[in-house]
Every structure is written in C-alpha cells, then in structure tokens.
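**Student:** If it helps, the file is called my_file-v8.cif and holds mmCIF, N, CA and C atoms:
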```cif
data_query
#
loop_
_atom_site.label_atom_id
_atom_site.label_comp_id
_atom_site.auth_asym_id
_atom_site.auth_seq_id
_atom_site.Cartn_x
_atom_site.Cartn_y
_atom_site.Cartn_z
N TRP Z 285 -38.72 -23.81 -12.27
CA TRP Z 285 -37.67 -22.82 -12.31
C TRP Z 285 -36.34 -23.44 -12.66
N ARG Z 286 -36.12 -24.65 -12.25
CA ARG Z 286 -34.86 -25.31 -12.58
C ARG Z 286 -34.75 -25.58 -14.08
N GLU Z 287 -35.87 -26.00 -14.71
CA GLU Z 287 -35.85 -26.29 -16.14
C GLU Z 287 -35.50 -25.04 -16.95
N ASN Z 288 -35.83 -23.88 -16.44
CA ASN Z 288 -35.54 -22.63 -17.14
C ASN Z 288 -34.15 -22.09 -16.83
N GLY Z 289 -33.41 -22.80 -15.99
CA GLY Z 289 -32.06 -22.36 -15.67
C GLY Z 289 -31.99 -21.26 -14.61
N CYS Z 290 -33.10 -21.01 -13.95
CA CYS Z 290 -33.12 -19.98 -12.91
C CYS Z 290 -32.41 -20.50 -11.67
N ILE Z 291 -31.45 -19.74 -11.20
CA ILE Z 291 -30.73 -20.11 -9.99
C ILE Z 291 -30.83 -18.94 -9.02
N PRO Z 292 -31.68 -19.05 -7.99
CA PRO Z 292 -31.78 -17.95 -7.03
C PRO Z 292 -30.46 -17.78 -6.31
N ASN Z 293 -29.86 -16.59 -6.45
CA ASN Z 293 -28.54 -16.41 -5.85
C ASN Z 293 -28.52 -15.40 -4.72
N VAL Z 294 -29.65 -14.84 -4.38
CA VAL Z 294 -29.70 -13.95 -3.23
C VAL Z 294 -30.80 -14.40 -2.29
N ILE Z 295 -32.01 -14.37 -2.78
CA ILE Z 295 -33.14 -14.73 -1.93
C ILE Z 295 -34.29 -15.14 -2.83
N TRP Z 296 -35.03 -16.10 -2.39
CA TRP Z 296 -36.19 -16.54 -3.15
C TRP Z 296 -37.34 -16.61 -2.15
N MET Z 297 -38.35 -15.79 -2.36
CA MET Z 297 -39.48 -15.78 -1.44
C MET Z 297 -40.75 -16.05 -2.23
N THR Z 298 -41.56 -16.93 -1.71
CA THR Z 298 -42.83 -17.23 -2.36
C THR Z 298 -43.84 -17.68 -1.30
N PRO Z 299 -45.10 -17.33 -1.47
CA PRO Z 299 -46.09 -17.81 -0.53
C PRO Z 299 -46.39 -19.28 -0.78
N SER Z 300 -46.53 -20.04 0.27
CA SER Z 300 -46.94 -21.43 0.14
C SER Z 300 -47.53 -21.87 1.46
N THR Z 301 -48.14 -23.02 1.43
CA THR Z 301 -48.72 -23.57 2.65
C THR Z 301 -47.70 -24.49 3.32
N TRP Z 302 -47.92 -24.78 4.59
CA TRP Z 302 -47.03 -25.70 5.30
C TRP Z 302 -47.07 -27.07 4.65
N GLY Z 303 -48.23 -27.50 4.21
CA GLY Z 303 -48.34 -28.80 3.56
C GLY Z 303 -47.49 -28.87 2.31
N TRP Z 304 -47.53 -27.83 1.49
CA TRP Z 304 -46.70 -27.80 0.29
C TRP Z 304 -45.23 -27.85 0.66
N ALA Z 305 -44.83 -27.09 1.65
CA ALA Z 305 -43.43 -27.07 2.07
C ALA Z 305 -42.98 -28.45 2.55
N ASP Z 306 -43.82 -29.12 3.31
CA ASP Z 306 -43.47 -30.46 3.80
C ASP Z 306 -43.32 -31.46 2.66
N ARG Z 307 -44.20 -31.36 1.66
CA ARG Z 307 -44.15 -32.29 0.53
C ARG Z 307 -43.03 -31.98 -0.46
N ASN Z 308 -42.46 -30.78 -0.40
CA ASN Z 308 -41.48 -30.36 -1.40
C ASN Z 308 -40.17 -29.89 -0.79
N ALA Z 309 -39.76 -30.48 0.31
CA ALA Z 309 -38.53 -30.07 0.98
C ALA Z 309 -37.31 -30.19 0.07
N ASP Z 310 -37.31 -31.16 -0.85
CA ASP Z 310 -36.17 -31.32 -1.76
C ASP Z 310 -36.16 -30.25 -2.85
N VAL Z 311 -37.31 -29.68 -3.15
CA VAL Z 311 -37.40 -28.64 -4.18
C VAL Z 311 -36.89 -27.31 -3.65
N VAL Z 312 -37.24 -27.00 -2.43
CA VAL Z 312 -36.82 -25.74 -1.80
C VAL Z 312 -36.08 -26.12 -0.52
N PRO Z 313 -34.79 -26.39 -0.62
CA PRO Z 313 -34.06 -26.96 0.52
C PRO Z 313 -33.93 -26.04 1.73
N PHE Z 314 -34.02 -24.75 1.55
CA PHE Z 314 -33.84 -23.85 2.68
C PHE Z 314 -35.13 -23.17 3.07
N PHE Z 315 -36.25 -23.81 2.78
CA PHE Z 315 -37.55 -23.23 3.10
C PHE Z 315 -37.69 -23.07 4.60
N GLN Z 316 -38.09 -21.89 4.99
CA GLN Z 316 -38.47 -21.69 6.38
C GLN Z 316 -39.40 -20.51 6.43
N GLY Z 317 -40.11 -20.43 7.49
CA GLY Z 317 -40.97 -19.28 7.68
C GLY Z 317 -42.42 -19.69 7.79
N GLY Z 318 -43.20 -18.72 7.97
CA GLY Z 318 -44.62 -18.91 8.10
C GLY Z 318 -45.21 -17.60 8.57
N GLY Z 319 -46.43 -17.44 8.35
CA GLY Z 319 -47.05 -16.19 8.77
C GLY Z 319 -48.52 -16.39 9.02
N GLN Z 320 -49.06 -15.52 9.80
CA GLN Z 320 -50.48 -15.54 10.08
C GLN Z 320 -51.00 -14.15 9.75
N TRP Z 321 -52.06 -14.11 8.98
CA TRP Z 321 -52.66 -12.83 8.65
C TRP Z 321 -54.16 -12.97 8.71
N HIS Z 322 -54.80 -11.96 9.20
CA HIS Z 322 -56.26 -11.90 9.25
C HIS Z 322 -56.66 -10.48 8.91
N GLU Z 323 -57.81 -10.34 8.28
CA GLU Z 323 -58.21 -9.01 7.81
C GLU Z 323 -58.38 -7.98 8.92
N VAL Z 324 -58.52 -8.40 10.17
CA VAL Z 324 -58.66 -7.42 11.24
C VAL Z 324 -57.30 -6.96 11.79
N PHE Z 325 -56.20 -7.57 11.34
CA PHE Z 325 -54.88 -7.09 11.77
C PHE Z 325 -54.73 -5.64 11.31
N ASP Z 326 -54.14 -4.84 12.16
CA ASP Z 326 -53.98 -3.43 11.79
C ASP Z 326 -52.52 -3.06 11.52
N TYR Z 327 -51.70 -4.03 11.14
CA TYR Z 327 -50.32 -3.73 10.78
C TYR Z 327 -50.30 -2.98 9.46
N SER Z 328 -49.36 -2.08 9.32
CA SER Z 328 -49.30 -1.26 8.11
C SER Z 328 -47.86 -1.19 7.59
N ASP Z 329 -47.73 -0.71 6.36
CA ASP Z 329 -46.42 -0.43 5.79
C ASP Z 329 -46.47 0.98 5.21
N ASP Z 330 -45.53 1.33 4.38
CA ASP Z 330 -45.46 2.68 3.83
C ASP Z 330 -46.57 2.98 2.83
N PHE Z 331 -47.27 1.96 2.35
CA PHE Z 331 -48.25 2.17 1.29
C PHE Z 331 -49.69 1.88 1.69
N PHE Z 332 -49.89 0.97 2.62
CA PHE Z 332 -51.25 0.59 3.02
C PHE Z 332 -51.36 0.55 4.54
N GLN Z 333 -52.52 0.97 5.04
CA GLN Z 333 -52.76 0.98 6.48
C GLN Z 333 -53.08 -0.41 7.02
N SER Z 334 -53.42 -1.33 6.13
CA SER Z 334 -53.73 -2.70 6.56
C SER Z 334 -53.74 -3.61 5.35
N GLY Z 335 -53.70 -4.92 5.61
CA GLY Z 335 -53.83 -5.88 4.53
C GLY Z 335 -55.19 -5.79 3.87
N LYS Z 336 -56.20 -5.51 4.67
CA LYS Z 336 -57.55 -5.37 4.10
C LYS Z 336 -57.60 -4.20 3.13
N GLN Z 337 -56.92 -3.10 3.46
CA GLN Z 337 -56.88 -1.96 2.54
C GLN Z 337 -56.18 -2.35 1.23
N LEU Z 338 -55.13 -3.16 1.32
CA LEU Z 338 -54.46 -3.65 0.11
C LEU Z 338 -55.43 -4.46 -0.74
N LEU Z 339 -56.18 -5.35 -0.12
CA LEU Z 339 -57.13 -6.17 -0.87
C LEU Z 339 -58.22 -5.32 -1.51
N GLU Z 340 -58.69 -4.30 -0.81
CA GLU Z 340 -59.70 -3.40 -1.37
C GLU Z 340 -59.13 -2.61 -2.54
N PHE Z 341 -57.87 -2.19 -2.44
CA PHE Z 341 -57.20 -1.51 -3.55
C PHE Z 341 -57.10 -2.44 -4.75
N ASN Z 342 -56.74 -3.69 -4.50
CA ASN Z 342 -56.64 -4.68 -5.57
C ASN Z 342 -57.98 -4.86 -6.28
N LEU Z 343 -59.05 -4.91 -5.49
CA LEU Z 343 -60.39 -5.05 -6.06
C LEU Z 343 -60.72 -3.85 -6.94
N GLN Z 344 -60.45 -2.66 -6.45
CA GLN Z 344 -60.74 -1.44 -7.21
C GLN Z 344 -59.89 -1.36 -8.48
N LYS Z 345 -58.64 -1.70 -8.39
CA LYS Z 345 -57.70 -1.55 -9.50
C LYS Z 345 -57.84 -2.67 -10.54
N PHE Z 346 -58.01 -3.91 -10.07
CA PHE Z 346 -57.97 -5.06 -10.96
C PHE Z 346 -59.27 -5.86 -11.03
N GLY Z 347 -60.26 -5.49 -10.20
CA GLY Z 347 -61.52 -6.21 -10.21
C GLY Z 347 -61.47 -7.55 -9.51
N TYR Z 348 -60.44 -7.75 -8.69
CA TYR Z 348 -60.26 -9.01 -7.99
C TYR Z 348 -59.82 -8.71 -6.57
N MET Z 349 -60.58 -9.18 -5.59
CA MET Z 349 -60.30 -8.86 -4.19
C MET Z 349 -59.01 -9.51 -3.71
N GLY Z 350 -58.78 -10.76 -4.08
CA GLY Z 350 -57.62 -11.46 -3.54
C GLY Z 350 -57.91 -11.99 -2.16
N ALA Z 351 -56.91 -12.61 -1.58
CA ALA Z 351 -57.06 -13.20 -0.25
C ALA Z 351 -55.70 -13.20 0.42
N TYR Z 352 -55.53 -14.12 1.35
CA TYR Z 352 -54.29 -14.23 2.12
C TYR Z 352 -53.05 -14.23 1.23
N ASP Z 353 -53.08 -15.03 0.13
CA ASP Z 353 -51.91 -15.12 -0.74
C ASP Z 353 -51.57 -13.79 -1.41
N MET Z 354 -52.57 -12.98 -1.67
CA MET Z 354 -52.31 -11.66 -2.24
C MET Z 354 -51.51 -10.81 -1.26
N VAL Z 355 -51.89 -10.85 0.00
CA VAL Z 355 -51.18 -10.09 1.04
C VAL Z 355 -49.76 -10.63 1.20
N VAL Z 356 -49.61 -11.95 1.17
CA VAL Z 356 -48.29 -12.57 1.28
C VAL Z 356 -47.40 -12.16 0.11
N GLY Z 357 -47.91 -12.34 -1.12
CA GLY Z 357 -47.12 -12.01 -2.30
C GLY Z 357 -46.69 -10.56 -2.32
N TYR Z 358 -47.59 -9.66 -1.99
CA TYR Z 358 -47.26 -8.24 -1.91
C TYR Z 358 -46.20 -7.99 -0.84
N SER Z 359 -46.37 -8.59 0.33
CA SER Z 359 -45.45 -8.35 1.44
C SER Z 359 -44.04 -8.85 1.13
N ILE Z 360 -43.93 -9.95 0.40
CA ILE Z 360 -42.62 -10.47 0.01
C ILE Z 360 -41.88 -9.44 -0.84
N ALA Z 361 -42.55 -8.94 -1.85
CA ALA Z 361 -41.90 -7.98 -2.74
C ALA Z 361 -41.53 -6.69 -2.01
N ILE Z 362 -42.41 -6.20 -1.17
CA ILE Z 362 -42.14 -4.96 -0.42
C ILE Z 362 -40.99 -5.16 0.55
N LEU Z 363 -40.95 -6.29 1.23
CA LEU Z 363 -39.86 -6.55 2.17
C LEU Z 363 -38.52 -6.61 1.44
N PHE Z 364 -38.48 -7.29 0.29
CA PHE Z 364 -37.24 -7.37 -0.47
C PHE Z 364 -36.83 -5.98 -0.97
N ALA Z 365 -37.78 -5.18 -1.39
CA ALA Z 365 -37.47 -3.80 -1.83
C ALA Z 365 -36.91 -2.99 -0.66
N GLN Z 366 -37.50 -3.14 0.52
CA GLN Z 366 -36.99 -2.43 1.70
C GLN Z 366 -35.57 -2.90 2.03
N HIS Z 367 -35.32 -4.18 1.85
CA HIS Z 367 -33.98 -4.73 2.08
C HIS Z 367 -32.97 -4.05 1.15
N LEU Z 368 -33.31 -3.95 -0.14
CA LEU Z 368 -32.39 -3.33 -1.09
C LEU Z 368 -32.19 -1.84 -0.80
N VAL Z 369 -33.26 -1.14 -0.49
CA VAL Z 369 -33.14 0.28 -0.15
C VAL Z 369 -32.23 0.45 1.06
N SER Z 370 -32.45 -0.35 2.07
CA SER Z 370 -31.63 -0.28 3.28
C SER Z 370 -30.17 -0.62 2.98
N SER Z 371 -29.94 -1.62 2.14
CA SER Z 371 -28.58 -2.05 1.82
C SER Z 371 -27.77 -0.97 1.11
N TYR Z 372 -28.43 -0.17 0.30
CA TYR Z 372 -27.71 0.80 -0.53
C TYR Z 372 -27.97 2.26 -0.16
N ARG Z 373 -28.60 2.51 0.96
CA ARG Z 373 -29.00 3.88 1.29
C ARG Z 373 -27.83 4.83 1.53
N ILE Z 374 -26.67 4.33 1.93
CA ILE Z 374 -25.54 5.24 2.18
C ILE Z 374 -24.40 5.02 1.19
N SER Z 375 -24.69 4.33 0.11
CA SER Z 375 -23.65 4.06 -0.89
C SER Z 375 -23.76 5.06 -2.03
N ASP Z 376 -22.69 5.83 -2.26
CA ASP Z 376 -22.69 6.80 -3.35
C ASP Z 376 -22.63 6.11 -4.72
N PHE Z 377 -21.95 4.99 -4.78
CA PHE Z 377 -21.79 4.27 -6.04
C PHE Z 377 -22.08 2.78 -5.82
N PRO Z 378 -23.37 2.43 -5.67
CA PRO Z 378 -23.71 1.03 -5.39
C PRO Z 378 -23.36 0.13 -6.57
N LEU Z 379 -22.88 -1.05 -6.24
CA LEU Z 379 -22.53 -2.05 -7.24
C LEU Z 379 -23.54 -3.20 -7.17
N VAL Z 380 -24.78 -2.86 -7.47
CA VAL Z 380 -25.88 -3.81 -7.28
C VAL Z 380 -25.67 -5.08 -8.10
N ALA Z 381 -25.39 -4.95 -9.39
CA ALA Z 381 -25.21 -6.14 -10.24
C ALA Z 381 -24.07 -7.01 -9.72
N GLU Z 382 -23.00 -6.38 -9.28
CA GLU Z 382 -21.87 -7.13 -8.73
C GLU Z 382 -22.27 -7.85 -7.45
N ASP Z 383 -23.04 -7.18 -6.62
CA ASP Z 383 -23.47 -7.80 -5.36
C ASP Z 383 -24.35 -9.01 -5.58
N PHE Z 384 -25.12 -9.01 -6.66
CA PHE Z 384 -25.99 -10.14 -6.94
C PHE Z 384 -25.26 -11.31 -7.58
N THR Z 385 -24.02 -11.09 -8.00
CA THR Z 385 -23.31 -12.16 -8.71
C THR Z 385 -21.99 -12.58 -8.06
N SER Z 386 -21.60 -11.93 -6.99
CA SER Z 386 -20.33 -12.30 -6.36
C SER Z 386 -20.55 -12.83 -4.95
N GLU Z 387 -19.62 -13.62 -4.51
CA GLU Z 387 -19.69 -14.17 -3.16
C GLU Z 387 -19.64 -13.06 -2.11
N THR Z 388 -18.78 -12.09 -2.34
CA THR Z 388 -18.66 -10.96 -1.41
C THR Z 388 -19.95 -10.15 -1.36
N GLY Z 389 -20.53 -9.91 -2.53
CA GLY Z 389 -21.78 -9.17 -2.60
C GLY Z 389 -22.92 -9.91 -1.94
N TYR Z 390 -22.99 -11.21 -2.19
CA TYR Z 390 -24.02 -12.03 -1.56
C TYR Z 390 -23.91 -11.94 -0.04
N GLU Z 391 -22.69 -12.01 0.46
CA GLU Z 391 -22.49 -11.93 1.91
C GLU Z 391 -22.91 -10.56 2.45
N LYS Z 392 -22.63 -9.51 1.69
CA LYS Z 392 -23.06 -8.16 2.08
C LYS Z 392 -24.59 -8.11 2.20
N LEU Z 393 -25.27 -8.61 1.16
CA LEU Z 393 -26.73 -8.58 1.18
C LEU Z 393 -27.30 -9.46 2.29
N ARG Z 394 -26.68 -10.61 2.52
CA ARG Z 394 -27.13 -11.48 3.59
C ARG Z 394 -27.00 -10.80 4.95
N ARG Z 395 -25.87 -10.17 5.18
CA ARG Z 395 -25.65 -9.48 6.46
C ARG Z 395 -26.59 -8.29 6.61
N ASP Z 396 -26.84 -7.58 5.52
CA ASP Z 396 -27.77 -6.46 5.58
C ASP Z 396 -29.19 -6.92 5.92
N MET Z 397 -29.56 -8.11 5.45
CA MET Z 397 -30.89 -8.65 5.78
C MET Z 397 -30.98 -8.98 7.26
N LEU Z 398 -29.87 -9.41 7.85
CA LEU Z 398 -29.86 -9.79 9.26
C LEU Z 398 -30.17 -8.62 10.19
N VAL Z 399 -29.86 -7.41 9.77
CA VAL Z 399 -30.07 -6.24 10.63
C VAL Z 399 -31.25 -5.39 10.16
N LEU Z 400 -31.98 -5.87 9.16
CA LEU Z 400 -33.12 -5.12 8.64
C LEU Z 400 -34.26 -5.10 9.65
N ASN Z 401 -34.82 -3.94 9.84
CA ASN Z 401 -36.04 -3.78 10.62
C ASN Z 401 -37.05 -3.10 9.70
N ALA Z 402 -38.20 -3.71 9.53
CA ALA Z 402 -39.18 -3.16 8.60
C ALA Z 402 -40.59 -3.40 9.11
N ASN Z 403 -41.50 -2.56 8.67
CA ASN Z 403 -42.92 -2.75 8.97
C ASN Z 403 -43.58 -3.39 7.76
N THR Z 404 -44.33 -4.45 8.02
CA THR Z 404 -45.04 -5.14 6.94
C THR Z 404 -46.50 -5.30 7.34
N LEU Z 405 -47.30 -5.76 6.39
CA LEU Z 405 -48.71 -6.01 6.68
C LEU Z 405 -48.90 -7.21 7.59
N PHE Z 406 -47.82 -7.93 7.88
CA PHE Z 406 -47.84 -9.03 8.85
C PHE Z 406 -47.32 -8.59 10.20
N GLY Z 407 -46.89 -7.36 10.29
CA GLY Z 407 -46.30 -6.86 11.52
C GLY Z 407 -44.84 -6.56 11.32
N PRO Z 408 -44.16 -6.15 12.38
CA PRO Z 408 -42.74 -5.80 12.29
C PRO Z 408 -41.89 -7.00 11.86
N PHE Z 409 -40.86 -6.71 11.08
CA PHE Z 409 -39.91 -7.73 10.64
C PHE Z 409 -38.56 -7.43 11.28
N SER Z 410 -38.01 -8.42 11.97
CA SER Z 410 -36.70 -8.30 12.60
C SER Z 410 -36.20 -9.71 12.87
N LEU Z 411 -34.97 -10.01 12.45
CA LEU Z 411 -34.43 -11.36 12.63
C LEU Z 411 -33.61 -11.47 13.91
N ASN Z 412 -33.70 -12.63 14.55
CA ASN Z 412 -32.90 -12.88 15.74
C ASN Z 412 -31.59 -13.57 15.35
N GLU Z 413 -30.84 -14.03 16.34
CA GLU Z 413 -29.55 -14.65 16.07
C GLU Z 413 -29.67 -15.97 15.31
N TYR Z 414 -30.87 -16.54 15.26
CA TYR Z 414 -31.10 -17.78 14.50
C TYR Z 414 -31.70 -17.49 13.13
N GLN Z 415 -31.75 -16.22 12.77
CA GLN Z 415 -32.28 -15.75 11.49
C GLN Z 415 -33.77 -16.08 11.34
N ARG Z 416 -34.48 -15.98 12.45
CA ARG Z 416 -35.92 -16.16 12.45
C ARG Z 416 -36.58 -14.82 12.74
N ASN Z 417 -37.69 -14.57 12.09
CA ASN Z 417 -38.40 -13.32 12.30
C ASN Z 417 -39.03 -13.31 13.69
N VAL Z 418 -38.61 -12.35 14.49
CA VAL Z 418 -39.15 -12.20 15.83
C VAL Z 418 -39.78 -10.83 16.02
N GLY Z 419 -40.17 -10.23 14.90
CA GLY Z 419 -40.75 -8.89 14.94
C GLY Z 419 -42.04 -8.81 15.73
N ARG Z 420 -42.79 -9.88 15.73
CA ARG Z 420 -44.02 -9.93 16.53
C ARG Z 420 -44.27 -11.38 16.92
N GLY Z 421 -45.02 -11.56 17.97
CA GLY Z 421 -45.36 -12.90 18.42
C GLY Z 421 -46.45 -13.51 17.56
N ALA Z 422 -46.64 -14.79 17.70
CA ALA Z 422 -47.70 -15.50 16.96
C ALA Z 422 -49.07 -15.04 17.42
N ALA Z 423 -50.02 -15.16 16.54
CA ALA Z 423 -51.38 -14.72 16.85
C ALA Z 423 -52.31 -15.92 17.03
N GLY Z 424 -51.78 -17.04 17.45
CA GLY Z 424 -52.58 -18.25 17.58
C GLY Z 424 -53.39 -18.32 18.86
N THR Z 425 -54.53 -18.93 18.79
CA THR Z 425 -55.35 -19.18 19.97
C THR Z 425 -55.94 -20.58 19.86
N GLN Z 426 -56.31 -21.13 20.98
CA GLN Z 426 -56.99 -22.44 20.96
C GLN Z 426 -58.22 -22.38 21.81
#
```
Starting from the file, lay out its structure as structure tokens.
**Tutor:**
Amino acid sequence: WRENGCIPNVIWMTPSTWGWADRNADVVPFFQGGGQWHEVFDYSDDFFQSGKQLLEFNLQKFGYMGAYDMVVGYSIAILFAQHLVSSYRISDFPLVAEDFTSETGYEKLRRDMLVLNANTLFGPFSLNEYQRNVGRGAAGTQ
C-alpha cells in the first residue's frame, strides 16, 4: 500500500492473525484488536442472523463458502459503514470529503467512532475509555 501512495487517513481495518501482527508491527504501527468467531455464535447484524448464514449466502452467491476471514472482512466493512451512517445521520449537509481530508474532520470521525454502538457478527461493538472494544467478553475456554 505504501508503494502505491495509499495513506490511510481515517481508519484502516483488515483481518490478520496475531502472528502476522507481531511480525509486522512496523508496517501497521497502530495495530490492535482481535476477535473470536465460531459458526455456532448467534450474533447478528442488520443483514445476517449469524456468521454461518453469511458464509452460506457466500456459498450460494459465489460458489465459495469462505471461513473465519470472510466473516472478519465482511464485519469490518459493515462496521465502518455503520460508523459513517451514525456520524452523518443528523447532518443536513454532510461534508464527507472534507472530513476525510482535514484535521477537524478526522477528529470528528474519531470521536464519533468512540461513541458508536453497533451489532456485528462478532457481537456488540462498543469502545471503552481506552478505545478497546468491550461490547462482549472473550469466548475463550481452557
């Protein structure tokens, strides 16, 4: 992305593994996050009742079932779309292009993300005072 001159100026979200993130900390300096998803999770969003339903739709539509990364990639785009809808829902004359290119606009979008509450296929999304998603607890067991 750097060779192409792409400079993420609002948010850059991509699915990756923890191993990749550890090996590439200099490439993505503000990388944080993580998620756990399993096909039996029953979290839903406005379009699918579950991640498994999304994968079945993908199979029907494109002939490819997909896996965890498909659910992650879809959820990233949907969450960002919900962020934009929420940011501009009460604006009669939104200045979207300006917000993506100005310091003031960037700060507006950043602050709007801090108060965003959304439902995703990974569960509820809500950031705490440390800007970490605390929408749901971890699903780990030992």
**Student:** Find the spatial neighbours of Asp326 of chain Z, counting all atoms listed in the file, within a cut-off of 8 Å - ignore same-chain residues fewer than 2 positions away - and output them as a ChimeraX atom specification.
**Tutor:** /Z:322-324,328-329,332-336,404-407
**Student:** Would you please work out which residue, of Z:Gln344, Z:Ser410, Z:Ser371, Z:Gln366, is nearest to Arg395 of chain Z when using only C-alpha atoms?
**Tutor:**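 Smallest separation from Arg395 of chain Z among the options: Z:Ser371.
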**Student:** Between Z:His367, Z:Leu393, Z:Gln337, Z:Tyr348, which has the minimum distance to Ala381 of chain Z (counting only C-alpha atoms)?
**Tutor:**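 Using only C-alpha atoms, the shortest distance to Ala381 of chain Z belongs to Z:Leu393.
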**Student:** For this structure, which residues satisfy the selection - the PyMOL selection byres (((chain Z and resi 369 and name CA) around 12) and name CA) - when it is evaluated on the file as given? I want them as a short mmCIF file (atom, residue, chain, number, x, y, z; two decimals) with N, CA and C atoms, keeping the file's coordinate frame.
**Tutor:**
```cif
data_model
loop_
_atom_site.label_atom_id
_atom_site.label_comp_id
_atom_site.auth_asym_id
_atom_site.auth_seq_id
_atom_site.Cartn_x
_atom_site.Cartn_y
_atom_site.Cartn_z
N ILE Z 362 -42.41 -6.20 -1.17
CA ILE Z 362 -42.14 -4.96 -0.42
C ILE Z 362 -40.99 -5.16 0.55
N LEU Z 363 -40.95 -6.29 1.23
CA LEU Z 363 -39.86 -6.55 2.17
C LEU Z 363 -38.52 -6.61 1.44
N PHE Z 364 -38.48 -7.29 0.29
CA PHE Z 364 -37.24 -7.37 -0.47
C PHE Z 364 -36.83 -5.98 -0.97
N ALA Z 365 -37.78 -5.18 -1.39
CA ALA Z 365 -37.47 -3.80 -1.83
C ALA Z 365 -36.91 -2.99 -0.66
N GLN Z 366 -37.50 -3.14 0.52
CA GLN Z 366 -36.99 -2.43 1.70
C GLN Z 366 -35.57 -2.90 2.03
N HIS Z 367 -35.32 -4.18 1.85
CA HIS Z 367 -33.98 -4.73 2.08
C HIS Z 367 -32.97 -4.05 1.15
N LEU Z 368 -33.31 -3.95 -0.14
CA LEU Z 368 -32.39 -3.33 -1.09
C LEU Z 368 -32.19 -1.84 -0.80
N SER Z 370 -32.45 -0.35 2.07
CA SER Z 370 -31.63 -0.28 3.28
C SER Z 370 -30.17 -0.62 2.98
N SER Z 371 -29.94 -1.62 2.14
CA SER Z 371 -28.58 -2.05 1.82
C SER Z 371 -27.77 -0.97 1.11
N TYR Z 372 -28.43 -0.17 0.30
CA TYR Z 372 -27.71 0.80 -0.53
C TYR Z 372 -27.97 2.26 -0.16
N ARG Z 373 -28.60 2.51 0.96
CA ARG Z 373 -29.00 3.88 1.29
C ARG Z 373 -27.83 4.83 1.53
N ILE Z 374 -26.67 4.33 1.93
CA ILE Z 374 -25.54 5.24 2.18
C ILE Z 374 -24.40 5.02 1.19
N SER Z 375 -24.69 4.33 0.11
CA SER Z 375 -23.65 4.06 -0.89
C SER Z 375 -23.76 5.06 -2.03
N PRO Z 378 -23.37 2.43 -5.67
CA PRO Z 378 -23.71 1.03 -5.39
C PRO Z 378 -23.36 0.13 -6.57
N VAL Z 380 -24.78 -2.86 -7.47
CA VAL Z 380 -25.88 -3.81 -7.28
C VAL Z 380 -25.67 -5.08 -8.10
N LEU Z 393 -25.27 -8.61 1.16
CA LEU Z 393 -26.73 -8.58 1.18
C LEU Z 393 -27.30 -9.46 2.29
N ASP Z 396 -26.84 -7.58 5.52
CA ASP Z 396 -27.77 -6.46 5.58
C ASP Z 396 -29.19 -6.92 5.92
N MET Z 397 -29.56 -8.11 5.45
CA MET Z 397 -30.89 -8.65 5.78
C MET Z 397 -30.98 -8.98 7.26
N LEU Z 400 -31.98 -5.87 9.16
CA LEU Z 400 -33.12 -5.12 8.64
C LEU Z 400 -34.26 -5.10 9.65
N ASN Z 401 -34.82 -3.94 9.84
CA ASN Z 401 -36.04 -3.78 10.62
C ASN Z 401 -37.05 -3.10 9.70
N ALA Z 402 -38.20 -3.71 9.53
CA ALA Z 402 -39.18 -3.16 8.60
C ALA Z 402 -40.59 -3.40 9.11
#
```
**Student:** How far is it from atom CA of Ser386 of chain Z to atom CA of Tyr414 of chain Z, in Å with one decimal?
**Tutor:**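 Calculated distance between atom CA of Ser386 of chain Z and atom CA of Tyr414 of chain Z is 24.1 Å.
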**Student:** Per DSSP on the backbone, filter segment 344-407 of chain Z down to the residues in helix (DSSP H, G or I) and report them as JSON, numbers by chain.
**Tutor:** {"Z": [344, 345, 346, 352, 353, 354, 355, 356, 357, 358, 359, 360, 361, 362, 363, 364, 365, 366, 367, 368, 369, 370, 371, 372, 380, 381, 382, 383, 384, 385, 387, 388, 389, 390, 391, 392, 393, 394, 395, 396, 397, 398]}
**Student:** What is the atom C of Ser359 of chain Z to atom N of Thr385 of chain Z distance in Å?
**Tutor:**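 Here the two named atoms are 22.1 Å from each other.
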**Student:** Hey, can you check how far atom CA of Gln415 of chain Z sits from atom CA of Leu398 of chain Z?
**Tutor:**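 According to the coordinates, atom CA of Gln415 of chain Z and atom CA of Leu398 of chain Z are separated by 6.8 Å.
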